[in-house]
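See below for the structure under consideration.
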Amino acid sequence: MKKERELRVLHLSNSVSSLGNGIVNVAVDLAIEQIQRGMTVAFMSGGGGWIPLLEASGVKNFIFPHAGWRNKLATSWRLFRLLRTFRPDVVHAHMRTGLVLAWPLTRLLRIPLVMHLHNIHDEKLGTAKLADRVIAVSRAVSEDLQRVGLPSERIRIVLNGMLGTNRLRPEVPPKELARPAIVSVAGMTVRKGMLELIEAFGSLAKEFPTAALYLVGGGSAEEAMIHAHAAESPFSDRIHFEGFQADPRAYLASSDVFVLASRREAFGLALIEARAAGCAVVATDVDGIPEIVEDGKTGLLVRVNDPADLAAKIKLLLTDDALRTRLKHQTREHLEVFSVERMTTETTTVYQELL
């Protein structure tokens with residue numbers, strides 16, 4: 001068995017976009033930490049904003065397009081050549097496209113193939129069966145995989161870790177917000193519970209006449225519909241769409257309550273950021289979220305797709321100063337489990353099992 005520092009790892013991703021893709025952020029953090037441990041690491045992707053950081057860290061980058069079947073055929077051939085020249089010990093796919101492209105080639109060349117499953121709402125979970133091992137980012141994802149027939153012995157749970165990342169500056173000054181500030185950092189999608197959050201704010205706004213809702217995120221075909229829904233609220237002037245923010249911690253540092261109202265959520269990286277910032281958290285009790293937020297200790301959990309319950313828990317935090325202060329203190333505790341270092345160690349163990 002090779003020692004950790006001798007490992008050669010090839011990561012596959014559709015892109016290395018720096019525009020808020022949580023899957024990509026985890027993959028980039030993992031690759032950089034592996035380099036720091038002495039591994040030889042390469043990334044094959046369609047390119048993106050993290051290329052300069054990856055290159056500066058020592059990660060080799062191979063940029064090939066993924067869109068369209070003609071490109072997929074060309075990319076498959078280029079991947080074959082890359083496997084022959086880079087000679088990885090492990091191929092680590094972070095998205096389904098890379099997994100499907102790599103599967104026949106890794107079988108031919110007898111290279112272990114790992115799939116990192118970051119989503120719980122993927123209708124094509126069954127493709128994960130192509131991998132020798134599947135890394136599930138939460139117990140909830142593992143359970144979904146088993147429901148589609150993947151044997152438990154081929155699944156390994158490795159919780160996402162982002163604390164200690166090289167992608168972000170150590171300190172960010174807080175942003176000046178109206179008070180009390182209710183903040184959500186998420187894609188502008190129905191799945192992220194934006195409609196419920198806007199409705200919940202509408203039922204609170206009259207009682208808290210200075211409160212404001214800050215929605216940080218973007219990049220969705222549903223965004224215009226969500227904007228239109230907010231415009232129908234009588235309190236629309238206090239609902240602020242802040243768009244994508246490369247580093248949302250300025251909003252987190254200034255929030256009175258942080259909310260993630262997702263209908264489905266494999267893990268919820270924004271919750272780690274919110275806990276690290278010392279936010280009072282309200283989140284839905286669904287999928288992988290309870291593995292990050294413990295109800296009554298590191299935040300409050302609410303029922304899915306229930307604006308009334310969501311509003312009640314936000315109101316509780318806005319009116320109960322002692323509870324809000326206690327949760328803000330407790331949410332910063334025991335965060336080491338969400339470190340990039342721990343995630344990398346556990347991922348390396350998965351590699352070693354296959355070698």
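Convention: chains lettered A, B, ... in structure tokens order; per-chain residue numbering from 1; ligands numbered from 1 as shown.
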
Mind the document's chain letters and residue numbers, and return as a ChimeraX atom specification the residues of region 20-242 of chain A that DSSP labels alpha helix (DSSP H). /A:22-36,51-57,69-86,96-109,139-147,194-204,223-231

Identify, on the basis of only C-alpha atoms, every residue whose closest approach to region 16-18 of chain A does not exceed 8 Å; exclude the query and any residue fewer than 4 positions from it along the same chain; express the result as a list in words.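 The contact residues come out as Val24, Asn25, Val28, Ser45, Gly46, Gly47, Gly48, Gly49, Trp50, Ile51 and Ala246 of chain A.
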
Output file for the selection above: C-alpha atoms, as a PDB file, in the first residue's frame:
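To be explicit, this is the file written out as out_19.pdb:
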ATOM      1  CA  VAL A  24     -16.644  22.482  -6.716  1.00  0.00           C
ATOM      2  CA  ASN A  25     -15.580  24.278  -3.526  1.00  0.00           C
ATOM      3  CA  VAL A  28     -10.935  22.353  -4.665  1.00  0.00           C
ATOM      4  CA  SER A  45     -12.362  20.071 -15.683  1.00  0.00           C
ATOM      5  CA  GLY A  46     -14.003  22.497 -18.054  1.00  0.00           C
ATOM      6  CA  GLY A  47     -12.074  25.337 -16.385  1.00  0.00           C
ATOM      7  CA  GLY A  48     -13.217  28.137 -14.112  1.00  0.00           C
ATOM      8  CA  GLY A  49     -12.249  30.791 -11.628  1.00  0.00           C
ATOM      9  CA  TRP A  50     -10.392  28.514  -9.202  1.00  0.00           C
ATOM     10  CA  ILE A  51      -7.718  27.606 -11.796  1.00  0.00           C
ATOM     11  CA  ALA A 246     -18.005  35.263  -3.410  1.00  0.00           C
TER      12      ALA A 246
END

Applying 12 Å and only C-alpha atoms, which residues near Thr106 (chain A) remain after dropping the ones on its own chain fewer than 5 positions away? List them as a JSON list (two decimals) with N, CA and C atoms, in the first residue's frame.
[["chain", "number", "residue", "atom", "x", "y", "z"],
["A", 10, "LEU", "N", -6.31, 11.92, -9.43],
["A", 10, "LEU", "CA", -6.90, 12.73, -10.50],
["A", 10, "LEU", "C", -8.35, 13.02, -10.14],
["A", 76, "SER", "N", -13.47, 12.04, -23.67],
["A", 76, "SER", "CA", -13.18, 10.66, -23.28],
["A", 76, "SER", "C", -11.82, 10.22, -23.82],
["A", 79, "LEU", "N", -9.19, 12.04, -21.85],
["A", 79, "LEU", "CA", -9.08, 11.45, -20.53],
["A", 79, "LEU", "C", -8.28, 10.16, -20.58],
["A", 80, "PHE", "N", -8.51, 9.35, -21.60],
["A", 80, "PHE", "CA", -7.74, 8.10, -21.74],
["A", 80, "PHE", "C", -6.25, 8.40, -21.84],
["A", 81, "ARG", "N", -5.90, 9.39, -22.66],
["A", 81, "ARG", "CA", -4.49, 9.75, -22.80],
["A", 81, "ARG", "C", -3.93, 10.28, -21.48],
["A", 82, "LEU", "N", -4.75, 11.05, -20.77],
["A", 82, "LEU", "CA", -4.30, 11.60, -19.49],
["A", 82, "LEU", "C", -4.06, 10.49, -18.47],
["A", 83, "LEU", "N", -4.95, 9.52, -18.44],
["A", 83, "LEU", "CA", -4.76, 8.40, -17.51],
["A", 83, "LEU", "C", -3.48, 7.64, -17.81],
["A", 84, "ARG", "N", -3.15, 7.54, -19.09],
["A", 84, "ARG", "CA", -1.93, 6.82, -19.48],
["A", 84, "ARG", "C", -0.66, 7.60, -19.13],
["A", 87, "ARG", "N", -0.97, 8.68, -14.87],
["A", 87, "ARG", "CA", -0.93, 7.42, -14.13],
["A", 87, "ARG", "C", -1.38, 7.58, -12.67],
["A", 88, "PRO", "N", -2.63, 7.98, -12.48],
["A", 88, "PRO", "CA", -3.12, 8.16, -11.10],
["A", 88, "PRO", "C", -3.32, 6.83, -10.39],
["A", 89, "ASP", "N", -3.18, 6.85, -9.08],
["A", 89, "ASP", "CA", -3.53, 5.68, -8.27],
["A", 89, "ASP", "C", -5.03, 5.60, -8.08],
["A", 90, "VAL", "N", -5.68, 6.76, -8.08],
["A", 90, "VAL", "CA", -7.12, 6.84, -7.87],
["A", 90, "VAL", "C", -7.70, 7.93, -8.76],
["A", 91, "VAL", "N", -8.86, 7.66, -9.36],
["A", 91, "VAL", "CA", -9.62, 8.69, -10.06],
["A", 91, "VAL", "C", -10.83, 9.04, -9.18],
["A", 92, "HIS", "N", -11.00, 10.33, -8.91],
["A", 92, "HIS", "CA", -12.02, 10.80, -7.97],
["A", 92, "HIS", "C", -12.98, 11.71, -8.73],
["A", 93, "ALA", "N", -14.18, 11.20, -9.03],
["A", 93, "ALA", "CA", -15.18, 11.96, -9.78],
["A", 93, "ALA", "C", -16.13, 12.67, -8.82],
["A", 98, "GLY", "N", -18.23, 13.13, -15.17],
["A", 98, "GLY", "CA", -16.89, 12.57, -15.02],
["A", 98, "GLY", "C", -16.92, 11.09, -14.69],
["A", 99, "LEU", "N", -17.88, 10.70, -13.84],
["A", 99, "LEU", "CA", -18.00, 9.29, -13.47],
["A", 99, "LEU", "C", -18.29, 8.43, -14.69],
["A", 100, "VAL", "N", -19.25, 8.84, -15.50],
["A", 100, "VAL", "CA", -19.64, 8.05, -16.68],
["A", 100, "VAL", "C", -18.51, 8.00, -17.70],
["A", 101, "LEU", "N", -17.82, 9.12, -17.90],
["A", 101, "LEU", "CA", -16.70, 9.13, -18.83],
["A", 101, "LEU", "C", -15.55, 8.25, -18.36],
["A", 111, "ILE", "N", -7.78, 1.07, -12.72],
["A", 111, "ILE", "CA", -7.56, 2.16, -11.78],
["A", 111, "ILE", "C", -8.80, 2.28, -10.91],
["A", 112, "PRO", "N", -8.68, 2.32, -9.59],
["A", 112, "PRO", "CA", -9.85, 2.50, -8.72],
["A", 112, "PRO", "C", -10.58, 3.81, -9.02],
["A", 113, "LEU", "N", -11.92, 3.73, -9.00],
["A", 113, "LEU", "CA", -12.76, 4.88, -9.30],
["A", 113, "LEU", "C", -13.64, 5.21, -8.10],
["A", 114, "VAL", "N", -13.51, 6.44, -7.60],
["A", 114, "VAL", "CA", -14.29, 6.92, -6.46],
["A", 114, "VAL", "C", -15.28, 7.97, -6.94],
["A", 130, "LEU", "N", -21.52, 2.65, -10.66],
["A", 130, "LEU", "CA", -20.34, 2.44, -11.50],
["A", 130, "LEU", "C", -19.05, 2.55, -10.72],
["A", 131, "ALA", "N", -19.07, 3.23, -9.59],
["A", 131, "ALA", "CA", -17.84, 3.49, -8.83],
["A", 131, "ALA", "C", -17.48, 2.31, -7.93],
["A", 132, "ASP", "N", -16.18, 2.19, -7.64],
["A", 132, "ASP", "CA", -15.71, 1.17, -6.70],
["A", 132, "ASP", "C", -16.08, 1.54, -5.27]]

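The environment of region 116-129 of chain A within 7 Å, counting only C-alpha atoms and disregarding residues fewer than 2 places along the same chain, consists of Ile23, Ala93, His94, Val114, Ala131, Val134, Ile135, Ala136, Val137, Val141, Leu145, Val148, Leu150, Arg264, Glu265 and Ala266 of chain A.
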